[in-house]
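S.K.: See query32.txt below, with compact mmCIF, C-alpha atoms and all ligand atoms.
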# COMPACT_ATOMS: atom_id res chain seq x y z
CA MET G 286 0.00 0.00 0.00
CA THR G 287 1.18 3.49 -0.74
CA SER G 288 2.47 5.18 2.38
CA GLN G 289 0.12 7.99 3.42
CA THR G 290 2.97 10.45 3.35
CA GLY G 291 3.53 9.06 -0.15
CA LYS G 292 5.94 11.86 -1.00
CA THR G 293 7.97 10.16 -3.69
CA GLU G 294 5.13 8.29 -5.33
CA ILE G 295 2.60 11.11 -5.32
CA LYS G 296 5.06 13.77 -6.47
CA ARG G 297 4.61 14.58 -10.14
CA ARG G 298 0.91 13.86 -9.83
CA GLY G 299 -1.18 16.91 -9.25
CA PHE G 300 -4.63 18.39 -9.42
CA GLU G 301 -5.36 16.69 -12.75
CA GLU G 302 -5.10 13.35 -10.95
CA LEU G 303 -7.49 14.59 -8.26
CA GLN G 304 -9.82 15.84 -10.95
CA ASN G 305 -9.86 12.48 -12.75
CA HIS G 306 -9.97 10.15 -9.75
CA VAL G 307 -12.05 12.12 -7.25
CA LEU G 308 -13.96 15.08 -8.71
CA LEU G 309 -15.11 13.55 -11.98
CA LYS G 310 -16.16 10.37 -10.16
CA SER G 311 -18.39 12.40 -7.79
CA LEU G 312 -16.30 11.27 -4.84
CA CYS G 313 -15.25 14.75 -3.72
CA THR G 314 -16.92 15.73 -0.43
CA GLY G 315 -15.96 19.38 -0.79
CA CYS G 316 -14.04 19.31 2.49
CA GLY G 317 -11.54 21.85 1.16
CA ALA G 318 -8.40 20.10 2.49
CA CYS G 319 -6.71 20.39 -0.91
CA VAL G 320 -7.54 24.09 -1.20
CA ILE G 321 -6.29 25.09 2.24
CA THR G 322 -3.02 23.14 2.02
CA CYS G 323 -2.02 23.99 -1.56
CA PRO G 324 1.31 25.75 -0.96
CA PHE G 325 1.04 27.95 -4.03
CA LYS G 326 -0.98 31.14 -4.11
CA GLU G 327 -3.90 31.40 -6.50
CA VAL G 328 -3.72 27.85 -7.85
CA LEU G 329 -6.71 26.26 -6.12
CA ASP G 330 -9.86 28.07 -5.18
CA TYR G 331 -12.90 26.88 -3.24
CA ALA G 332 -15.88 27.41 -5.51
CA LEU G 333 -19.17 25.63 -6.19
CA ASN G 334 -18.82 23.35 -3.15
CA GLY G 335 -15.34 22.11 -3.95
CA PRO G 336 -11.91 22.85 -5.39
CA SER G 337 -11.32 24.45 -8.74
CA LEU G 338 -8.05 25.03 -10.54
CA VAL G 339 -7.52 28.74 -11.16
CA GLY G 340 -3.75 28.78 -11.75
CA GLU G 341 -0.99 26.51 -12.91
CA CYS G 342 -0.53 23.29 -10.94
CA THR G 343 3.11 22.46 -10.10
CA LYS G 344 2.22 18.81 -9.38
CA CYS G 345 3.67 18.91 -5.88
CA GLY G 346 1.14 16.22 -4.94
CA ILE G 347 0.01 17.77 -1.65
CA CYS G 348 -3.65 17.91 -2.70
CA LEU G 349 -3.58 14.15 -3.24
CA ARG G 350 -1.88 13.42 0.08
CA VAL G 351 -4.56 15.25 2.09
CA CYS G 352 -7.68 14.19 0.18
CA PRO G 353 -9.88 11.82 2.22
CA ARG G 354 -11.03 10.21 -1.04
CA TYR G 355 -7.69 9.56 -2.74
CA GLU G 356 -5.73 6.40 -1.83
CA LEU G 357 -6.95 6.56 1.75
CA ASP G 358 -5.25 4.09 4.08
CA VAL G 359 -7.28 4.12 7.29
CA GLY G 360 -5.01 1.55 8.94
CA ASP G 361 -2.05 3.84 8.49
CA LEU G 362 -3.97 6.75 10.05
CA GLU G 363 -5.04 4.51 12.95
CA GLN G 364 -1.38 3.69 13.56
CA MET G 365 -0.66 7.41 13.74
CA VAL G 366 -3.58 8.29 16.05
CA PHE G 367 -3.89 5.16 18.23
CA GLY G 368 -0.57 3.36 17.78
CA ARG G 369 -2.30 0.33 16.30
CA GLU G 370 -4.91 -0.71 13.74
CA ARG G 371 -8.39 -1.82 14.76
CA ARG G 372 -9.24 -5.46 15.19
CA PRO G 373 -12.09 -6.82 13.02
CA GLU G 374 -14.50 -6.86 15.99
CA GLU G 375 -13.92 -3.13 16.59
CA VAL G 376 -16.68 -2.27 14.16
CA PHE G 377 -16.94 1.42 15.05
CA GLY G 378 -13.20 1.94 15.26
CA LEU G 379 -10.92 2.20 18.27
CA SER G 380 -12.17 3.68 21.51
CA LYS G 381 -11.35 4.02 25.19
CA THR G 382 -14.83 4.61 26.64
CA VAL G 383 -18.37 4.64 25.30
CA CYS G 384 -21.08 6.40 27.30
CA VAL G 385 -24.14 8.60 27.03
CA ALA G 386 -24.03 12.18 28.29
CA ARG G 387 -25.81 15.49 28.40
CA SER G 388 -25.07 19.03 29.38
CA THR G 389 -26.10 20.35 32.79
CA ARG G 390 -26.25 23.91 31.37
CA LYS G 391 -29.81 24.99 30.61
CA TYR G 392 -28.75 27.58 28.03
CA ILE G 393 -26.96 24.84 26.08
CA LEU G 394 -29.78 22.30 26.41
CA GLY G 395 -32.12 24.91 24.96
CA ALA G 396 -30.02 25.36 21.83
CA CYS G 397 -28.33 22.03 21.14
CA GLN G 398 -29.19 19.09 18.92
CA ASP G 399 -29.13 16.14 21.31
CA GLY G 400 -27.51 16.34 24.75
CA GLY G 401 -25.34 19.38 23.95
CA VAL G 402 -22.13 17.48 24.64
CA ALA G 403 -20.33 19.06 21.67
CA THR G 404 -21.09 22.60 22.79
CA THR G 405 -20.41 21.84 26.46
CA LEU G 406 -17.01 20.30 25.71
CA LEU G 407 -16.04 23.24 23.52
CA SER G 408 -17.21 25.73 26.16
CA SER G 409 -15.32 23.88 28.88
CA ALA G 410 -12.13 23.72 26.77
CA PHE G 411 -12.44 27.38 25.86
CA THR G 412 -13.00 28.52 29.45
CA SER G 413 -10.02 26.53 30.74
CA GLY G 414 -7.75 27.93 28.00
CA ALA G 415 -7.24 24.50 26.39
CA ILE G 416 -8.37 26.04 23.09
CA ASP G 417 -8.27 29.58 21.67
CA GLY G 418 -11.11 28.93 19.28
CA ALA G 419 -13.19 26.31 17.51
CA ALA G 420 -13.81 25.69 13.82
CA LEU G 421 -17.40 24.58 13.45
CA SER G 422 -20.59 25.31 11.57
CA GLY G 423 -22.41 28.54 12.28
CA ILE G 424 -25.78 29.96 11.35
CA ASP G 425 -26.22 31.78 8.04
CA THR G 426 -28.67 34.55 8.83
CA SER G 427 -29.48 35.34 5.19
CA ASN G 428 -30.06 31.71 4.10
CA PRO G 429 -31.89 29.89 6.89
CA TRP G 430 -30.52 26.39 7.60
CA LEU G 431 -27.60 26.81 5.21
CA PRO G 432 -24.58 25.78 7.27
CA LYS G 433 -21.71 28.23 7.29
CA PRO G 434 -18.15 27.32 8.33
CA LEU G 435 -17.27 29.56 11.26
CA LEU G 436 -14.20 30.19 13.34
CA THR G 437 -15.52 30.91 16.81
CA THR G 438 -13.35 32.77 19.30
CA THR G 439 -15.91 33.59 22.00
CA LEU G 440 -18.12 31.53 24.25
CA GLY G 441 -21.17 33.26 22.83
CA GLU G 442 -20.30 32.22 19.27
CA ILE G 443 -19.74 28.60 20.35
CA VAL G 444 -23.16 28.41 22.03
CA GLU G 445 -24.97 30.24 19.18
CA SER G 446 -23.62 27.61 16.74
CA ALA G 447 -25.12 24.63 18.61
CA GLY G 448 -27.58 22.36 16.81
CA THR G 449 -27.38 20.43 13.54
CA ARG G 450 -27.75 21.70 9.99
CA TYR G 451 -28.00 18.62 7.78
CA SER G 452 -26.26 20.05 4.70
CA TYR G 453 -22.52 19.94 4.13
CA SER G 454 -20.49 22.57 5.91
CA PRO G 455 -16.82 22.70 4.88
CA ASN G 456 -15.53 23.48 8.36
CA LEU G 457 -11.91 23.10 7.27
CA LEU G 458 -12.24 26.53 5.68
CA ALA G 459 -12.98 27.94 9.14
CA TYR G 460 -10.05 25.99 10.56
CA ASN G 461 -7.87 27.62 7.91
CA THR G 462 -9.07 31.05 8.99
CA GLY G 463 -7.83 30.21 12.48
CA VAL G 464 -4.47 29.06 11.11
CA ALA G 465 -4.16 32.26 9.05
CA LYS G 466 -4.95 34.34 12.14
CA GLY G 467 -2.19 32.56 14.03
CA LEU G 468 -4.38 30.87 16.65
CA GLY G 469 -2.31 28.30 18.51
CA LYS G 470 -4.97 25.85 19.76
CA ILE G 471 -8.01 25.22 17.59
CA ALA G 472 -10.71 22.62 18.23
CA PHE G 473 -12.37 21.19 15.15
CA VAL G 474 -15.95 19.96 14.93
CA GLY G 475 -17.04 18.15 11.78
CA THR G 476 -18.24 15.15 9.87
CA PRO G 477 -16.22 11.90 9.55
CA CYS G 478 -14.81 12.82 6.12
CA GLN G 479 -13.49 16.10 7.53
CA ILE G 480 -11.82 14.35 10.45
CA LEU G 481 -10.14 12.00 7.94
CA ALA G 482 -8.91 15.00 5.95
CA LEU G 483 -7.39 16.57 9.07
CA ARG G 484 -5.70 13.30 9.99
CA ARG G 485 -4.23 13.11 6.50
CA ILE G 486 -2.95 16.67 6.89
CA GLN G 487 -1.26 15.59 10.13
CA ARG G 488 0.10 12.44 8.47
CA ALA G 489 1.53 14.47 5.62
CA SER G 490 3.43 16.47 8.30
CA LEU G 491 2.09 19.77 7.04
CA ARG G 492 3.18 21.67 10.15
CA LYS G 493 1.58 24.97 9.27
CA HIS G 494 -1.82 23.34 9.20
CA SER G 495 -1.47 20.62 11.79
CA ARG G 496 0.33 22.27 14.69
CA ALA G 497 -2.71 24.32 15.76
CA LEU G 498 -5.04 21.32 15.87
CA ALA G 499 -5.82 20.96 19.56
CA LEU G 500 -8.76 18.57 19.33
CA THR G 501 -10.98 16.81 16.80
CA MET G 502 -14.63 16.29 17.61
CA GLY G 503 -16.43 14.10 15.06
CA LEU G 504 -20.16 13.94 14.45
CA PHE G 505 -21.83 10.64 13.54
CA CYS G 506 -23.06 10.94 9.98
CA TYR G 507 -24.85 8.51 7.67
CA GLU G 508 -25.18 11.14 4.97
CA CYS G 509 -25.79 14.83 4.52
CA PHE G 510 -28.40 16.42 2.31
CA SER G 511 -28.23 18.92 -0.51
CA TYR G 512 -29.41 22.35 0.68
CA GLU G 513 -30.90 23.19 -2.72
CA GLY G 514 -32.66 19.82 -2.88
CA LEU G 515 -33.92 19.23 0.64
CA MET G 516 -34.38 22.71 2.04
CA ILE G 517 -35.30 24.76 -1.04
CA LYS G 518 -37.01 22.25 -3.35
CA LYS G 519 -38.66 19.85 -0.92
CA ILE G 520 -39.35 21.73 2.32
CA GLN G 521 -39.80 25.28 1.01
CA GLY G 522 -41.07 24.48 -2.47
CA GLU G 523 -43.16 21.29 -2.28
CA MET G 524 -44.21 21.51 1.36
CA GLY G 525 -44.60 25.30 1.36
CA MET G 526 -42.85 25.76 4.70
CA ASP G 527 -41.14 29.01 5.65
CA LEU G 528 -37.54 28.00 6.43
CA ARG G 529 -37.25 30.88 8.90
CA ALA G 530 -40.09 29.45 10.95
CA ILE G 531 -38.27 26.13 11.50
CA THR G 532 -36.60 26.00 14.89
CA LYS G 533 -35.16 22.49 14.84
CA MET G 534 -34.53 19.61 12.47
CA ASN G 535 -33.73 16.12 13.57
CA ILE G 536 -33.58 12.57 12.23
CA LYS G 537 -35.21 10.09 14.60
CA GLY G 538 -36.67 7.39 12.36
CA ASP G 539 -38.26 10.19 10.30
CA PHE G 540 -36.96 13.60 9.28
CA ILE G 541 -38.59 15.81 11.92
CA LEU G 542 -39.17 19.55 11.66
CA GLN G 543 -40.26 21.76 14.53
CA THR G 544 -41.57 25.28 14.03
CA LYS G 545 -41.85 28.44 16.14
CA SER G 546 -45.59 27.87 16.50
CA GLY G 547 -44.91 24.51 18.20
CA GLN G 548 -45.96 22.45 15.18
CA THR G 549 -44.08 19.20 14.43
CA THR G 550 -43.90 17.87 10.87
CA LYS G 551 -42.54 14.41 10.10
CA ILE G 552 -41.22 13.48 6.67
CA PRO G 553 -40.58 9.77 6.07
CA LEU G 554 -36.86 9.23 5.49
CA ARG G 555 -37.51 7.56 2.11
CA GLU G 556 -38.93 10.91 0.87
CA VAL G 557 -35.71 12.78 1.63
CA LYS G 558 -33.25 10.04 0.61
CA SER G 559 -33.06 11.29 -2.97
CA TYR G 560 -31.55 14.56 -1.66
CA ALA G 561 -28.68 12.75 0.10
CA GLU G 562 -25.34 13.80 -1.36
CA VAL G 563 -23.89 11.34 -3.90
CA PHE G 564 -20.42 11.55 -2.36
CA CYS G 565 -21.79 10.18 0.94
CA GLN G 566 -22.75 6.93 -0.77
CA TYR G 567 -19.04 6.06 -1.01
CA CYS G 568 -18.12 6.90 2.58
CA SER G 569 -17.42 4.03 5.01
CA ASP G 570 -17.17 6.00 8.24
CA PHE G 571 -20.33 6.49 10.28
CA SER G 572 -19.01 7.38 13.71
CA ALA G 573 -16.00 9.59 12.89
CA GLU G 574 -13.65 6.77 13.72
CA LEU G 575 -10.49 8.86 13.70
CA ALA G 576 -11.69 11.68 15.97
CA ASP G 577 -10.55 12.30 19.55
CA ILE G 578 -14.16 12.14 20.56
CA SER G 579 -17.22 11.20 18.48
CA LEU G 580 -20.80 12.24 19.13
CA GLY G 581 -24.20 11.24 17.80
CA GLY G 582 -27.89 11.23 18.55
CA ILE G 583 -28.67 7.62 17.53
CA GLY G 584 -32.38 7.96 18.26
CA LEU G 585 -31.86 9.22 21.82
CA GLU G 586 -33.99 12.07 23.13
CA GLY G 587 -31.95 14.79 24.83
CA TRP G 588 -28.76 12.75 25.26
CA THR G 589 -25.60 12.49 23.18
CA PHE G 590 -24.08 9.10 22.45
CA THR G 591 -20.39 9.60 23.16
CA VAL G 592 -17.33 7.65 22.02
CA ILE G 593 -14.10 8.74 23.68
CA ARG G 594 -11.26 7.51 21.53
CA THR G 595 -7.98 9.16 22.57
CA ASP G 596 -6.23 10.43 25.72
CA LYS G 597 -6.93 13.97 24.54
CA GLY G 598 -10.64 13.24 24.21
CA GLU G 599 -10.66 11.57 27.63
CA GLU G 600 -8.93 14.50 29.31
CA LEU G 601 -11.34 17.02 27.85
CA PHE G 602 -14.38 14.93 28.74
CA SER G 603 -13.18 14.29 32.34
CA GLN G 604 -12.53 18.01 32.85
CA ALA G 605 -16.08 18.85 31.83
CA VAL G 606 -17.50 16.10 34.07
CA ASN G 607 -15.36 17.20 37.03
CA LYS G 608 -16.58 20.78 36.61
CA GLY G 609 -20.15 19.49 36.79
CA SER G 610 -20.86 20.60 33.20
CA LEU G 611 -21.83 17.10 32.02
CA GLU G 612 -24.07 14.38 33.37
CA VAL G 613 -23.00 10.88 32.30
CA LYS G 614 -24.77 7.52 32.15
CA PRO G 615 -23.29 4.09 31.37
CA VAL G 616 -23.85 2.82 27.86
CA GLU G 617 -25.36 -0.36 29.34
CA ASP G 618 -28.48 1.75 30.10
CA PHE G 619 -28.80 2.45 26.36
CA GLU G 620 -28.26 -1.00 24.90
CA SER G 621 -30.53 -0.52 21.87
CA ALA G 622 -28.80 2.73 20.89
CA PHE G 623 -25.42 1.01 21.16
CA LYS G 624 -26.66 -1.83 18.95
CA LEU G 625 -27.99 0.66 16.42
CA MET G 626 -24.69 2.50 16.34
CA LYS G 627 -22.78 -0.70 15.62
CA LYS G 628 -25.33 -1.67 12.97
CA LEU G 629 -25.12 1.71 11.21
CA SER G 630 -21.31 1.53 11.31
CA LYS G 631 -21.41 -1.85 9.56
CA ASN G 632 -24.15 -0.82 7.13
CA LYS G 633 -22.37 2.34 6.07
CA ARG G 634 -19.15 0.43 5.44
CA SER G 635 -20.85 -2.28 3.38
CA ARG G 636 -22.90 0.31 1.44
CA ALA G 637 -19.67 2.10 0.46
CA GLU G 638 -17.98 -1.15 -0.55
CA LYS G 639 -20.97 -2.23 -2.63
CA ASN G 640 -21.29 1.16 -4.34
CA ARG G 641 -17.58 1.31 -5.12
CA LYS G 642 -17.59 -2.24 -6.49
CA GLU G 643 -20.61 -1.58 -8.68
CA ARG G 644 -19.32 1.70 -10.01
CA PHE G 645 -15.55 1.33 -10.35
C1 LIG M 701 -24.73 16.34 8.40
C2 LIG M 701 -24.92 15.63 9.73
C3 LIG M 701 -25.49 14.35 9.75
C4 LIG M 701 -25.65 13.67 10.95
N1 LIG M 701 -26.18 12.42 10.94
C5 LIG M 701 -26.31 11.72 12.09
C6 LIG M 701 -26.81 10.40 12.06
O1 LIG M 701 -27.12 9.83 11.01
N2 LIG M 701 -26.92 9.74 13.26
C7 LIG M 701 -26.55 10.31 14.44
O2 LIG M 701 -26.67 9.67 15.49
N3 LIG M 701 -26.06 11.57 14.49
C8 LIG M 701 -25.93 12.29 13.35
N4 LIG M 701 -25.41 13.56 13.37
C9 LIG M 701 -24.92 14.11 14.65
C10 LIG M 701 -25.99 14.80 15.49
O3 LIG M 701 -26.88 15.54 14.66
C11 LIG M 701 -25.37 15.76 16.54
O4 LIG M 701 -24.48 16.65 15.92
C12 LIG M 701 -24.60 15.01 17.62
O5 LIG M 701 -25.44 14.07 18.25
C13 LIG M 701 -24.07 15.99 18.69
O6 LIG M 701 -25.16 16.51 19.39
P1 LIG M 701 -24.93 17.59 20.53
O7 LIG M 701 -26.26 17.99 21.08
O8 LIG M 701 -23.89 17.05 21.48
O9 LIG M 701 -24.29 18.77 19.68
P2 LIG M 701 -24.47 20.35 19.83
O10 LIG M 701 -24.01 20.76 21.19
O11 LIG M 701 -25.78 20.77 19.36
O12 LIG M 701 -23.34 20.85 18.79
C14 LIG M 701 -23.40 20.48 17.44
C15 LIG M 701 -22.14 20.96 16.75
O13 LIG M 701 -22.23 20.53 15.38
C16 LIG M 701 -21.84 21.60 14.52
N5 LIG M 701 -22.56 21.44 13.26
C17 LIG M 701 -23.86 21.71 12.99
N6 LIG M 701 -24.16 21.42 11.70
C18 LIG M 701 -23.02 20.96 11.14
C19 LIG M 701 -22.68 20.51 9.85
N7 LIG M 701 -23.56 20.47 8.86
N8 LIG M 701 -21.42 20.12 9.62
C20 LIG M 701 -20.49 20.16 10.60
N9 LIG M 701 -20.74 20.59 11.86
C21 LIG M 701 -21.99 20.97 12.14
C22 LIG M 701 -22.27 22.85 15.27
O14 LIG M 701 -21.54 23.95 14.85
C23 LIG M 701 -21.99 22.47 16.73
O15 LIG M 701 -20.69 22.80 17.10
C24 LIG M 701 -25.27 14.29 12.18
C25 LIG M 701 -24.71 15.57 12.15
C26 LIG M 701 -24.52 16.23 10.95
C27 LIG M 701 -23.89 17.60 10.95
For the file at hand, write its structure as C-alpha cells.
M.R.:
Amino acid sequence: MTSQTGKTEIKRRGFEELQNHVLLKSLCTGCGACVITCPFKEVLDYALNGPSLVGECTKCGICLRVCPRYELDVGDLEQMVFGRERRPEEVFGLSKTVCVARSTRKYILGACQDGGVATTLLSSAFTSGAIDGAALSGIDTSNPWLPKPLLTTTLGEIVESAGTRYSYSPNLLAYNTGVAKGLGKIAFVGTPCQILALRRIQRASLRKHSRALALTMGLFCYECFSYEGLMIKKIQGEMGMDLRAITKMNIKGDFILQTKSGQTTKIPLREVKSYAEVFCQYCSDFSAELADISLGGIGLEGWTFTVIRTDKGEELFSQAVNKGSLEVKPVEDFESAFKLMKKLSKNKRSRAEKNRKERF
C-alpha cells in the first residue's frame, strides 16, 4: 500500500489526478483540504462546493496526500492516532470509553441538537484555556438552515452555533481562517470525512496546518443532504414551509421539523433520501472513527451518544465532568442505541464497498 505520506510516489501527480480520480467520479466531499493546504498562491480556489483550478498546478502532490477520497489508508492513520490498527471486531473503530451524556447547562440544552455534549465540551475547553477557538458550523442569517463554516473565538459564538444543519459545511475553511490568524490551539468539529482529511494533513506532516489542531470532535453521519434539494425544493417548495419558521430539524426514524408555532412535521426518510449527497454513498465512516471524541444522537432524546477515543478526548471529557458541566450515564443503560450505532457503522461500510464495487 502506498504510504500515506507518499511523498515520492505522489510527487509529479497533481490536481489533474485529483480531478480524474475524485472530482469527476463524484467522490469529492468538498471538504476543502486540498484548497487550504495547496502551498502555491492562487492555484486552487474553493468554488461551487469544492476545489477548482484557477492557476498553474506544479504537481507537488500535496492535494492528493490530504484528500480523504484519494488512496486513503485508514489503517495507516489509525497507527498514527492510536498506535495500532483496529481489530475486526472493533466495528466502530478504536475507543477508550463509550457512554451517554448530556449538558447540565440549561442555556446549552435549549439550543443544542441532542444532549449538547459538543457545545459543552467546547465551552469547557475554551473557558479553561485548552483552546483559543473552535472551527465549526455557524448559522447563516441570510439563508436559513444553510450551514456556514465559522471560526468561533468567543463563548457566545460557540453556544450560538449549537444544533445540527443537515447540509454539508466545509468546516476546514474555518479551521484555515484560524491558522491564518495565528491561533495556537483550535478545536475542530465536523463530519467523519473532515476528520479524515485533518488526519491526512497531520500524516503528511504539514506543520503549518497541523500544529494548531488541539482537538478533533467528530459527528456521527450517515449522509448529509443537498441544501438546494432538501431545504429549497422539498421543504420550502413542495411543502410550502417558511424555512425561517423552522426551529429544529432532527432525524429520529423520520426527518422531523419543529416550528416556532410549536408544530411538528414528520417526513418519512424515504422521501428525503433522494436529496442525500452522492459523495456520501461512497463513505465508510459512520461514527468519525479517527476523531478524539465522536458524538451522535442515535435515536436518543436529549442525550448524546459519546465515544471517547484518545487520551486527549478523555482529558477534555473528564474536565467537563469534574466541573459538573456534564451528566454521564453508562452505555449499558442504552443498549438498543449502542446496537444501532454498531449496525449503522457496519451498514455504512458495506454500502460504500458495494457502491464502489458496482461503479468502479
Ligand atoms: C450532516 C450531519 C449528519 C448527521 N447524521 C447523524 C446520524 O445519522 N446519526 C446520528 O446519530 N447523528 C448524526 N449527526 C450528529 C448529530 O446531529 C449531533 O451533531 C450530535 O449528536 C451531537 O449533538 P450535541 O447535542 O452534542 O451537539 P451540539 O451541542 O448541538 O453541537 C453540534 C455541533 O455541530 C456543529 N454542526 C452543525 N451542523 C453541522 C454541519 N452540517 N457540519 C459540521 N458541523 C456541524 C455545530 O456547529 C456544533 O458545534 C449528524 C450531524 C450532521 C452535521
S.K.: Taking a cut-off of 6 Å and counting all atoms listed in the file, can you build a table that, for each residue of chain G near ligand LIG 701 (chain M), reports the nearest atom pair and how far apart they are in Å (one decimal), sorted by chain then residue number, as a Markdown table?
M.R.:
| residue | atom | partner | partner_atom | distance |
| --- | --- | --- | --- | --- |
| G:Cys397 | CA | M:LIG701 | O11 | 3.4 |
| G:Gln398 | CA | M:LIG701 | O7 | 3.8 |
| G:Asp399 | CA | M:LIG701 | O7 | 3.4 |
| G:Gly400 | CA | M:LIG701 | O7 | 4.2 |
| G:Gly401 | CA | M:LIG701 | O7 | 3.3 |
| G:Val402 | CA | M:LIG701 | O8 | 3.6 |
| G:Ala403 | CA | M:LIG701 | O10 | 4.1 |
| G:Thr404 | CA | M:LIG701 | O10 | 3.8 |
| G:Leu421 | CA | M:LIG701 | O14 | 4.4 |
| G:Ser422 | CA | M:LIG701 | O14 | 3.7 |
| G:Gly423 | CA | M:LIG701 | O14 | 5.3 |
| G:Pro432 | CA | M:LIG701 | N7 | 5.6 |
| G:Ser446 | CA | M:LIG701 | O14 | 4.6 |
| G:Ala447 | CA | M:LIG701 | O11 | 4.0 |
| G:Gly448 | CA | M:LIG701 | O11 | 3.5 |
| G:Thr449 | CA | M:LIG701 | C17 | 3.8 |
| G:Arg450 | CA | M:LIG701 | N6 | 4.0 |
| G:Tyr451 | CA | M:LIG701 | C1 | 4.0 |
| G:Ser452 | CA | M:LIG701 | N7 | 5.0 |
| G:Tyr453 | CA | M:LIG701 | N7 | 4.9 |
| G:Ser454 | CA | M:LIG701 | N8 | 4.5 |
| G:Val474 | CA | M:LIG701 | N9 | 5.7 |
| G:Gly475 | CA | M:LIG701 | C20 | 4.2 |
| G:Thr476 | CA | M:LIG701 | C20 | 5.5 |
| G:Leu504 | CA | M:LIG701 | C9 | 4.8 |
| G:Phe505 | CA | M:LIG701 | C8 | 4.4 |
| G:Cys506 | CA | M:LIG701 | N1 | 3.6 |
| G:Tyr507 | CA | M:LIG701 | O1 | 4.2 |
| G:Glu508 | CA | M:LIG701 | C3 | 5.8 |
| G:Cys509 | CA | M:LIG701 | C1 | 4.3 |
| G:Leu580 | CA | M:LIG701 | C12 | 4.9 |
| G:Gly581 | CA | M:LIG701 | O5 | 3.1 |
| G:Gly582 | CA | M:LIG701 | O2 | 3.6 |
| G:Ile583 | CA | M:LIG701 | O2 | 3.5 |
| G:Thr589 | CA | M:LIG701 | O8 | 5.2 |
S.K.: Please provide as a count of residues only all residues within 12 Å of G:Glu599, with the sequence filter that same-chain residues fewer than 2 positions apart are discarded (counting all atoms listed in the file).
M.R.: 26
S.K.: Identify which of the residues G:Gly360, G:Pro434, G:Gly418, G:Pro429 lies closest to G:Ala530, counting only C-alpha atoms when measuring atom-to-atom distances.
M.R.: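 When distances to G:Ala530 are compared using only C-alpha atoms, the smallest one comes from G:Pro429.
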S.K.: What is the atom CA of G:Leu329 to atom CA of G:Leu435 distance in Å?
M.R.: 20.6 Å
S.K.: Suppose you want the space between atom CA of G:Ala318 and atom CA of G:Asn461; what is it in Å?
M.R.: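 These atoms are spaced 9.3 Å apart.
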S.K.: So how many Å separate atom CA of G:Asp618 and atom CA of G:Phe377, to one decimal?
M.R.: 19.0 Å
S.K.: So which one's closest to G:Leu458, G:Thr343, G:Leu379, G:Asp527, G:Gly317? Using only C-alpha atoms, please.
M.R.: G:Gly317
S.K.: For a quick check of understanding, using all atoms listed in the file, which of G:Val444, G:Val376, G:Leu349, G:Met365 has the smallest distance to G:Gly395?
M.R.: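 Among G:Val444, G:Val376, G:Leu349, G:Met365, it is G:Val444 that comes nearest to G:Gly395.
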S.K.: Excluding G:Lys558 and residues on its chain fewer than 5 positions from it, collect all residues at most 12 Å away from it, counting only C-alpha atoms, and give them as a PyMOL selection string.
M.R.: chain G and resi 507-511+514-515+519+536+539-540+552-553+563+565-566
S.K.: With distances taken over only C-alpha atoms, which residue among G:Ile517, G:Ala482, G:Leu362, G:Leu303 lies nearest G:Pro455?
M.R.: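 With only C-alpha atoms as the atom set, the closest residue is G:Ala482.
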S.K.: Pick out the residues sitting within 8 Å of G:Lys344, and hand them over as a PyMOL selection string; count only C-alpha atoms, and ignore anything fewer than 2 positions along from it in its own chain.
M.R.: chain G and resi 296-300+342+346
S.K.: Compare G:Lys466, G:Arg350, G:Lys627, G:Lys633 by their minimum atom-to-atom distance to G:Asp417, counting only C-alpha atoms, and give me the closest one.
M.R.: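 Of G:Lys466, G:Arg350, G:Lys627, G:Lys633, the one nearest G:Asp417, counting only C-alpha atoms, is G:Lys466.
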S.K.: Kindly indicate which residue among G:Leu312, G:Leu554, G:Leu394, G:Leu333 lies nearest to G:Tyr355, using all atoms listed in the file for the distances.
M.R.: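 Ranked by minimum distance to G:Tyr355, first place goes to G:Leu312.
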S.K.: Mind listing whatever residues come within 10 Å of the point (-1.8, 29.4, 14.9)? Use only C-alpha atoms, file coordinates, and give them as an MDAnalysis selection string.
M.R.: chainID G and resid 417 460:471 493:498
S.K.: Where's the centre, and what are the edge lengths in Å to one decimal, of a box along x, y and z enclosing all listed atoms of stretch 320-339 of chain G padded 3 Å per side, as JSON?
M.R.:
{"center_x": -8.9, "center_y": 26.8, "center_z": -4.5, "size_x": 26.5, "size_y": 15.3, "size_z": 19.4}
S.K.: Could I see stretch 492-498 of chain G restored to N, CA, C and O atoms, set down as a short mmCIF file (atom, residue, chain, number, x, y, z; two decimals), in the frame of the given file?
M.R.:
data_model
loop_
_atom_site.label_atom_id
_atom_site.label_comp_id
_atom_site.auth_asym_id
_atom_site.auth_seq_id
_atom_site.Cartn_x
_atom_site.Cartn_y
_atom_site.Cartn_z
N ARG G 492 3.11 21.04 8.83
CA ARG G 492 3.18 21.67 10.15
C ARG G 492 2.31 22.91 10.26
O ARG G 492 1.62 23.12 11.24
N LYS G 493 2.34 23.72 9.21
CA LYS G 493 1.58 24.97 9.27
C LYS G 493 0.12 24.69 9.59
O LYS G 493 -0.51 25.42 10.35
N HIS G 494 -0.40 23.62 9.01
CA HIS G 494 -1.82 23.34 9.20
C HIS G 494 -2.12 22.38 10.33
O HIS G 494 -3.24 22.30 10.80
N SER G 495 -1.14 21.62 10.77
CA SER G 495 -1.47 20.62 11.79
C SER G 495 -1.08 21.06 13.20
O SER G 495 -1.66 20.57 14.16
N ARG G 496 -0.14 21.99 13.32
CA ARG G 496 0.33 22.27 14.69
C ARG G 496 -0.73 22.94 15.56
O ARG G 496 -0.68 22.84 16.78
N ALA G 497 -1.69 23.63 14.95
CA ALA G 497 -2.71 24.32 15.76
C ALA G 497 -3.89 23.42 16.15
O ALA G 497 -4.77 23.83 16.89
N LEU G 498 -3.87 22.20 15.64
CA LEU G 498 -5.04 21.32 15.87
C LEU G 498 -5.01 20.76 17.29
O LEU G 498 -4.26 19.84 17.60
#
